[in-house]
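Visitor: Next comes the structure file query-v7.tsv, holding TSV, C-alpha atoms (C1' of nucleotides).
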```tsv
chain	number	residue	atom	x	y	z
A	188	MET	CA	109.53	106.17	106.84
A	189	SER	CA	107.91	104.61	109.89
A	190	ILE	CA	104.75	106.63	110.45
A	191	GLU	CA	103.87	106.99	106.83
A	192	SER	CA	104.66	103.37	106.22
A	193	ILE	CA	102.56	102.06	109.03
A	194	ALA	CA	99.58	104.13	108.06
A	195	LEU	CA	99.75	103.12	104.43
A	196	ASP	CA	100.58	99.62	105.45
A	197	ALA	CA	97.29	99.36	107.27
A	198	THR	CA	95.48	100.80	104.29
A	199	VAL	CA	96.95	98.33	101.88
A	200	PHE	CA	96.93	95.15	103.86
A	201	GLU	CA	93.88	95.68	106.03
A	202	PRO	CA	91.59	93.82	103.66
A	203	LEU	CA	93.75	90.77	104.16
A	204	THR	CA	93.61	90.47	107.92
A	205	GLY	CA	89.98	90.12	108.77
A	206	ASN	CA	88.56	89.35	105.41
A	207	GLU	CA	89.70	85.96	104.42
A	208	GLY	CA	90.19	85.36	100.73
A	209	ALA	CA	89.20	88.78	99.57
A	210	CYS	CA	92.74	89.80	98.67
A	211	LEU	CA	92.50	88.95	95.02
A	212	GLU	CA	89.13	90.56	94.58
A	213	THR	CA	90.10	93.75	96.39
A	214	GLY	CA	93.09	94.19	94.14
A	215	ILE	CA	96.07	94.08	96.42
A	216	GLY	CA	96.95	90.51	95.67
A	217	GLN	CA	96.51	91.07	91.98
A	218	ALA	CA	98.51	94.29	92.08
A	219	VAL	CA	101.42	92.62	93.80
A	220	ARG	CA	101.31	89.72	91.42
A	221	ASP	CA	101.19	92.05	88.45
A	222	LEU	CA	104.19	93.93	89.71
A	223	LEU	CA	106.13	90.71	90.18
A	224	ASP	CA	105.13	89.59	86.73
A	225	ARG	CA	106.59	92.83	85.44
A	226	VAL	CA	109.80	93.36	87.35
A	227	GLY	CA	110.10	90.18	89.39
A	228	ASP	CA	112.12	88.42	86.75
A	229	LYS	CA	115.81	87.86	86.47
A	230	TRP	CA	116.78	91.10	84.75
A	231	SER	CA	114.22	93.91	84.97
A	232	LEU	CA	115.19	95.30	88.36
A	233	LEU	CA	118.82	95.15	87.34
A	234	ILE	CA	118.07	97.19	84.23
A	235	ILE	CA	116.16	99.74	86.28
A	236	GLY	CA	119.09	99.94	88.64
A	237	MET	CA	121.40	100.63	85.73
A	238	LEU	CA	119.23	103.45	84.44
A	239	ARG	CA	118.90	104.92	87.90
A	240	THR	CA	121.25	107.81	87.37
A	241	THR	CA	121.68	108.13	83.64
A	242	GLN	CA	120.31	107.16	80.29
A	243	LEU	CA	122.14	104.39	78.49
A	244	ARG	CA	122.17	102.92	75.05
A	245	PHE	CA	121.55	99.30	74.16
A	246	SER	CA	125.12	98.17	73.87
A	247	GLU	CA	126.11	99.96	77.04
A	248	LEU	CA	123.37	98.18	78.97
A	249	GLN	CA	124.47	94.87	77.57
A	250	ARG	CA	128.02	95.60	78.57
A	251	ARG	CA	127.09	96.57	82.12
A	252	ILE	CA	124.88	93.55	82.71
A	253	PRO	CA	127.15	90.60	82.22
A	254	GLY	CA	125.37	87.43	81.28
A	255	ILE	CA	122.28	88.92	79.72
A	256	SER	CA	121.60	87.83	76.18
A	257	GLN	CA	120.71	90.20	73.39
A	258	ARG	CA	117.33	88.61	73.18
A	259	MET	CA	116.56	88.99	76.88
A	260	LEU	CA	117.74	92.57	76.96
A	261	THR	CA	115.48	93.39	74.05
A	262	LEU	CA	112.51	91.62	75.58
A	263	LYS	CA	112.90	93.21	78.99
A	264	LEU	CA	113.43	96.68	77.58
A	265	ARG	CA	110.28	96.30	75.49
A	266	SER	CA	108.34	95.15	78.50
A	267	LEU	CA	109.54	98.04	80.65
A	268	GLU	CA	108.79	100.48	77.85
A	269	ARG	CA	105.34	99.04	77.42
A	270	ASP	CA	104.63	99.51	81.10
A	271	GLY	CA	105.69	103.15	80.92
A	272	LEU	CA	108.72	102.67	83.15
A	273	ILE	CA	111.36	103.59	80.58
A	274	THR	CA	111.51	105.52	77.33
A	275	ARG	CA	113.19	104.45	74.14
A	276	THR	CA	114.66	107.15	71.95
A	277	VAL	CA	115.99	106.34	68.50
A	278	TYR	CA	118.46	108.73	66.93
A	279	ALA	CA	118.47	108.62	63.14
A	280	GLU	CA	122.19	108.37	62.84
A	281	VAL	CA	124.57	105.99	61.25
A	282	PRO	CA	125.39	103.80	63.01
A	283	PRO	CA	122.00	103.82	64.75
A	284	ARG	CA	121.85	104.86	68.38
A	285	VAL	CA	119.07	104.09	70.86
A	286	GLU	CA	118.95	105.59	74.31
A	287	TYR	CA	116.95	104.18	77.21
A	288	GLU	CA	115.93	106.29	80.18
A	289	LEU	CA	113.65	105.97	83.19
A	290	THR	CA	110.35	107.80	83.02
A	291	ALA	CA	109.03	109.82	85.95
A	292	MET	CA	107.05	106.78	87.01
A	293	GLY	CA	110.07	104.56	86.56
A	294	ARG	CA	112.04	106.77	88.91
A	295	THR	CA	109.42	106.39	91.62
A	296	LEU	CA	110.19	102.70	91.62
A	297	ILE	CA	113.80	103.30	92.57
A	298	GLU	CA	113.13	103.94	96.23
A	299	PRO	CA	111.14	100.79	97.04
A	300	ALA	CA	113.35	98.73	94.77
A	301	THR	CA	116.44	100.03	96.54
A	302	ALA	CA	114.89	99.25	99.90
A	303	LEU	CA	114.44	95.69	98.75
A	304	ALA	CA	117.96	95.52	97.36
A	305	LEU	CA	119.26	96.78	100.69
A	306	TRP	CA	117.33	94.12	102.51
A	307	ALA	CA	118.75	91.52	100.18
A	308	VAL	CA	122.32	92.61	100.80
A	309	GLU	CA	121.89	92.93	104.54
A	310	HIS	CA	120.25	89.60	105.09
A	311	GLN	CA	122.08	87.50	102.57
A	312	PRO	CA	124.46	86.04	105.15
A	313	ALA	CA	121.63	85.19	107.54
A	314	ILE	CA	119.68	83.51	104.79
A	315	SER	CA	122.65	81.49	103.63
A	316	HIS	CA	123.22	80.39	107.18
A	317	ALA	CA	119.57	79.44	107.66
A	318	ARG	CA	119.72	77.46	104.47
A	319	GLU	CA	122.74	75.50	105.58
A	320	GLU	CA	121.16	74.77	108.94
A	321	PHE	CA	117.97	73.61	107.32
A	322	ASP	CA	119.72	71.35	104.85
A	323	ARG	CA	121.94	69.94	107.56
A	324	LYS	CA	119.00	68.97	109.78
A	325	ASP	CA	116.97	67.84	106.84
A	326	LYS	CA	119.55	65.42	105.58
B	648	MET	CA	113.03	107.45	104.87
B	649	SER	CA	114.65	109.93	102.54
B	650	ILE	CA	117.99	110.68	104.14
B	651	GLU	CA	118.73	107.19	105.25
B	652	SER	CA	117.58	105.79	101.97
B	653	ILE	CA	119.66	108.08	99.83
B	654	ALA	CA	122.78	107.38	101.82
B	655	LEU	CA	122.31	103.65	101.68
B	656	ASP	CA	121.18	103.93	98.13
B	657	ALA	CA	124.50	105.41	97.19
B	658	THR	CA	126.29	102.71	99.12
B	659	VAL	CA	124.46	99.94	97.42
B	660	PHE	CA	124.29	101.11	93.87
B	661	GLU	CA	127.48	103.12	93.64
B	662	PRO	CA	129.48	100.25	92.18
B	663	LEU	CA	127.07	100.22	89.28
B	664	THR	CA	127.39	103.79	88.13
B	665	GLY	CA	131.00	104.28	87.30
B	666	ASN	CA	132.19	100.76	87.30
B	667	GLU	CA	130.68	99.05	84.33
B	668	GLY	CA	129.97	95.38	84.69
B	669	ALA	CA	131.22	95.01	88.21
B	670	CYS	CA	127.75	94.61	89.64
B	671	LEU	CA	127.73	90.85	89.61
B	672	GLU	CA	131.17	90.53	91.04
B	673	THR	CA	130.58	93.05	93.83
B	674	GLY	CA	127.57	91.15	95.01
B	675	ILE	CA	124.71	93.58	94.65
B	676	GLY	CA	123.48	92.12	91.43
B	677	GLN	CA	123.76	88.64	92.81
B	678	ALA	CA	122.05	89.60	96.04
B	679	VAL	CA	119.12	91.14	94.22
B	680	ARG	CA	118.82	88.16	91.97
B	681	ASP	CA	118.97	85.79	94.93
B	682	LEU	CA	116.20	87.69	96.63
B	683	LEU	CA	114.07	87.54	93.52
B	684	ASP	CA	114.75	83.85	93.22
B	685	ARG	CA	113.46	83.49	96.74
B	686	VAL	CA	110.44	85.75	97.03
B	687	GLY	CA	110.08	87.09	93.49
B	688	ASP	CA	107.77	84.33	92.44
B	689	LYS	CA	104.05	84.31	92.14
B	690	TRP	CA	103.16	83.40	95.71
B	691	SER	CA	105.91	83.97	98.28
B	692	LEU	CA	105.34	87.66	98.92
B	693	LEU	CA	101.63	86.99	99.18
B	694	ILE	CA	102.26	84.36	101.81
B	695	ILE	CA	104.49	86.72	103.75
B	696	GLY	CA	101.77	89.36	103.54
B	697	MET	CA	99.29	86.90	104.97
B	698	LEU	CA	101.54	86.06	107.91
B	699	ARG	CA	102.23	89.71	108.53
B	700	THR	CA	100.02	90.06	111.58
B	701	THR	CA	99.31	86.56	112.74
B	702	GLN	CA	100.33	82.97	112.49
B	703	LEU	CA	98.18	80.79	110.30
B	704	ARG	CA	97.73	77.13	109.66
B	705	PHE	CA	98.07	75.41	106.32
B	706	SER	CA	94.40	75.23	105.44
B	707	GLU	CA	93.83	78.82	106.49
B	708	LEU	CA	96.59	80.02	104.20
B	709	GLN	CA	95.16	78.04	101.35
B	710	ARG	CA	91.75	79.50	102.00
B	711	ARG	CA	93.06	83.08	102.08
B	712	ILE	CA	95.11	82.73	98.92
B	713	PRO	CA	92.59	81.78	96.27
B	714	GLY	CA	94.08	80.05	93.30
B	715	ILE	CA	97.12	78.54	94.96
B	716	SER	CA	97.37	74.80	94.70
B	717	GLN	CA	98.15	72.57	97.62
B	718	ARG	CA	101.38	71.65	95.95
B	719	MET	CA	102.54	75.22	95.42
B	720	LEU	CA	101.62	76.25	98.94
B	721	THR	CA	103.67	73.37	100.29
B	722	LEU	CA	106.64	74.17	98.09
B	723	LYS	CA	106.65	77.87	98.88
B	724	LEU	CA	106.23	77.34	102.60
B	725	ARG	CA	109.17	74.93	102.56
B	726	SER	CA	111.27	77.41	100.66
B	727	LEU	CA	110.45	80.23	103.05
B	728	GLU	CA	111.13	78.00	106.00
B	729	ARG	CA	114.43	76.93	104.54
B	730	ASP	CA	115.48	80.56	104.14
B	731	GLY	CA	114.67	81.27	107.76
B	732	LEU	CA	111.79	83.61	106.96
B	733	ILE	CA	109.03	81.56	108.55
B	734	THR	CA	108.75	78.85	111.17
B	735	ARG	CA	106.71	75.69	110.92
B	736	THR	CA	105.26	74.32	114.12
B	737	VAL	CA	103.57	70.93	114.22
B	738	TYR	CA	101.15	70.19	117.03
B	739	ALA	CA	100.77	66.53	117.82
B	740	GLU	CA	97.02	66.57	117.85
B	741	VAL	CA	94.32	64.76	116.04
B	742	PRO	CA	93.49	66.04	113.56
B	743	PRO	CA	97.02	67.34	112.97
B	744	ARG	CA	97.61	71.08	113.10
B	745	VAL	CA	100.55	73.02	111.65
B	746	GLU	CA	101.07	76.70	112.28
B	747	TYR	CA	103.22	78.97	110.15
B	748	GLU	CA	104.64	82.22	111.47
B	749	LEU	CA	107.14	84.84	110.40
B	750	THR	CA	110.54	84.75	112.07
B	751	ALA	CA	112.25	87.89	113.29
B	752	MET	CA	114.09	88.08	109.99
B	753	GLY	CA	110.89	87.46	108.10
B	754	ARG	CA	109.29	90.40	109.83
B	755	THR	CA	112.09	92.70	108.72
B	756	LEU	CA	111.04	91.96	105.17
B	757	ILE	CA	107.56	93.32	105.78
B	758	GLU	CA	108.53	96.96	105.50
B	759	PRO	CA	110.30	96.86	102.12
B	760	ALA	CA	107.77	94.38	100.81
B	761	THR	CA	104.94	96.63	101.86
B	762	ALA	CA	106.62	99.58	100.20
B	763	LEU	CA	106.69	97.60	96.99
B	764	ALA	CA	103.08	96.52	97.40
B	765	LEU	CA	102.13	100.15	97.91
B	766	TRP	CA	103.92	101.13	94.76
B	767	ALA	CA	102.15	98.39	92.89
B	768	VAL	CA	98.72	99.50	94.04
B	769	GLU	CA	99.40	103.17	93.48
B	770	HIS	CA	100.79	102.84	89.99
B	771	GLN	CA	98.62	100.07	88.69
B	772	PRO	CA	96.26	102.43	86.85
B	773	ALA	CA	99.14	104.34	85.27
B	774	ILE	CA	100.76	101.13	84.12
B	775	SER	CA	97.55	99.79	82.66
B	776	HIS	CA	97.10	103.03	80.81
B	777	ALA	CA	100.66	103.00	79.51
B	778	ARG	CA	100.15	99.47	78.33
B	779	GLU	CA	97.01	100.34	76.43
B	780	GLU	CA	98.69	103.33	74.82
B	781	PHE	CA	101.67	101.25	73.80
B	782	ASP	CA	99.58	98.49	72.33
B	783	ARG	CA	97.38	100.97	70.49
B	784	LYS	CA	100.32	102.68	68.82
B	785	ASP	CA	102.08	99.42	68.26
B	786	LYS	CA	99.19	97.83	66.44
C	564	DC	C1'	124.66	99.09	66.25
C	565	DT	C1'	120.26	97.42	67.38
C	566	DG	C1'	117.63	94.57	66.94
C	567	DT	C1'	114.21	90.06	65.02
C	568	DA	C1'	113.24	85.07	64.20
C	569	DT	C1'	113.60	80.39	65.40
C	570	DC	C1'	114.69	76.49	68.03
C	571	DC	C1'	115.60	74.05	72.25
C	572	DG	C1'	116.21	72.68	77.03
C	573	DA	C1'	115.27	73.68	81.86
C	574	DA	C1'	112.37	75.14	85.25
C	575	DA	C1'	107.95	76.73	87.14
C	576	DA	C1'	103.39	75.90	87.82
C	577	DG	C1'	98.78	73.50	87.52
C	578	DA	C1'	95.76	69.16	87.86
C	579	DT	C1'	94.87	65.09	89.94
C	580	DA	C1'	95.20	61.19	92.87
C	581	DC	C1'	96.77	59.22	96.94
C	582	DT	C1'	98.59	58.89	102.25
C	583	DG	C1'	99.87	59.19	107.54
D	937	DC	C1'	94.33	68.10	108.21
D	938	DA	C1'	98.43	68.46	105.92
D	939	DG	C1'	100.77	67.02	103.03
D	940	DT	C1'	103.40	63.66	98.82
D	941	DA	C1'	103.78	61.67	94.20
D	942	DT	C1'	103.14	61.89	89.49
D	943	DC	C1'	101.98	63.78	85.22
D	944	DT	C1'	101.19	67.45	81.98
D	945	DT	C1'	101.22	72.21	80.48
D	946	DT	C1'	103.27	76.56	80.35
D	947	DT	C1'	106.76	79.87	80.74
D	948	DC	C1'	111.54	81.40	80.87
D	949	DG	C1'	115.73	81.92	79.20
D	950	DG	C1'	119.94	80.78	76.39
D	951	DA	C1'	122.09	79.90	71.66
D	952	DT	C1'	122.30	80.84	67.13
D	953	DA	C1'	121.44	82.90	62.77
D	954	DC	C1'	119.97	86.67	60.26
D	955	DA	C1'	118.38	91.81	59.04
D	956	DG	C1'	117.68	97.05	58.74
```
Take the structure in the file and write it out as structure tokens.

Guide:
Amino acid sequence: MSIESIALDATVFEPLTGNEGACLETGIGQAVRDLLDRVGDKWSLLIIGMLRTTQLRFSELQRRIPGISQRMLTLKLRSLERDGLITRTVYAEVPPRVEYELTAMGRTLIEPATALALWAVEHQPAISHAREEFDRKDK
Amino acid sequence: MSIESIALDATVFEPLTGNEGACLETGIGQAVRDLLDRVGDKWSLLIIGMLRTTQLRFSELQRRIPGISQRMLTLKLRSLERDGLITRTVYAEVPPRVEYELTAMGRTLIEPATALALWAVEHQPAISHAREEFDRKDK
DNA sequence: CTGTATCCGAAAAGATACTG
DNA sequence: CAGTATCTTTTCGGATACAG
């Protein structure tokens, strides 16, 4: 990913380096903030991770994400659907069945999201250690 | 990044696919959530983006991140410092000067964070469009 | 089964004033 | 300059009850 990343990296962040304060106006700051507003919450990325390989129905999602409330699952699914990241398909059966699935755009989010998840897993011990050190000195 | 990513991808998310509900226990869910708790807020990733290429002092950061309050900048810088992602260096001068800089670990976050920023910029129009469509139908 | 509606507490974030 | 302290507003998320 290196070459491509570096090139694009320059493209995206260049406005930030020399041009002080223009980040929000040029869009990058706003774009990042928008993304975080969308999937930077407690559950959204987890839901996307769940739908990574297969479509799932409401109850199945709730079962696989321990701790999420019905309300939150509904809200987050609506939000993701609204942003075009997942689809919601209702089957007119009894009992009712609703399947959620990633859209093409939703699937493009898997790679960067996974990269971030990887980073999180890899560096968790180092961060915990840093935290302990900091709190120890601080106290 | 494809081959490496896919392999690691499988490693990281595998517990989620077959094993329902084990995500929190196995750590991946918790790790992702921890990361989001750390840098998933409104400002942290923006700060890291600012420090990507150079160290900056407090006032310079505030100037380059329009809209952030003094209080929030202080809080987020402390949090990032505590996690070992940035360093804070105080120079005993008058007037006082404090420089913030990414640590080695902080710099490793640049790549995945940039990937996410890229995604955000690239898909912003599509998301806005999806949102408008959704709201139009919904209304 | 798949939601919606309502209420409540905790936490995040903004505004403002003040300090070494 | 680089913060801290305090107050207020806003948002997030959980609990519960109810509905198609």

Visitor: Which residues of chain D sit at most 9 Å from chain B, using all atoms listed in the file? Give each one's shortest atom pair and distance in Å (one decimal place), in chain and ascending residue order, as a Markdown table.

Guide:
```
| residue | atom | partner | partner_atom | distance |
| --- | --- | --- | --- | --- |
| D:DC937 | C1' | B:Pro743 | CA | 5.5 |
| D:DA938 | C1' | B:Phe705 | CA | 7.0 |
| D:DG939 | C1' | B:Thr721 | CA | 7.5 |
| D:DT940 | C1' | B:Arg718 | CA | 8.7 |
```

Visitor: What is the atom CA of Ile215 of chain A to atom CA of Ser691 of chain B distance in Å?

Guide: 14.2 Å

Visitor: Could you please tell me, as a PyMOL selection string, which residues of chain B have an atom within 7 Å of chain A when using only C-alpha atoms?

Guide: chain B and resi 648+656+659+663+667-668+675-676+678-680+682-683+687-689+693+697+710-713+729-731+759+761-765+767-768+771+774+777-778+781

Visitor: Which one of B:Leu703, B:Ile695, B:Ala751, B:Met719 sits closest to chain C if you count all atoms listed in the file?

Guide: B:Met719

Visitor: Quick check, in Å to one decimal: how far apart do atom CA of Thr750 of chain B and atom CA of Thr734 of chain B lie?

Guide: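 Between atom CA of Thr750 of chain B and atom CA of Thr734 of chain B the gap works out to 6.2 Å.
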
Visitor: Near segment 567-581 of chain C, within 8 Å and counting all atoms listed in the file, which residues show up once chain neighbours fewer than 2 positions away are dropped, as a PDB file with C-alpha atoms (C1' of nucleotides), in the coordinates of the input?

Guide:
```
ATOM      1  CA  SER B 716      97.370  74.800  94.700  1.00  0.00           C
ATOM      2  CA  MET B 719     102.540  75.220  95.420  1.00  0.00           C
TER       3      MET B 719
ATOM      4  C1'  DA D 941     103.780  61.670  94.200  1.00  0.00           C
ATOM      5  C1'  DT D 945     101.220  72.210  80.480  1.00  0.00           C
ATOM      6  C1'  DT D 946     103.270  76.560  80.350  1.00  0.00           C
ATOM      7  C1'  DT D 947     106.760  79.870  80.740  1.00  0.00           C
ATOM      8  C1'  DC D 948     111.540  81.400  80.870  1.00  0.00           C
ATOM      9  C1'  DC D 954     119.970  86.670  60.260  1.00  0.00           C
ATOM     10  C1'  DA D 955     118.380  91.810  59.040  1.00  0.00           C
TER      11       DA D 955
END
```
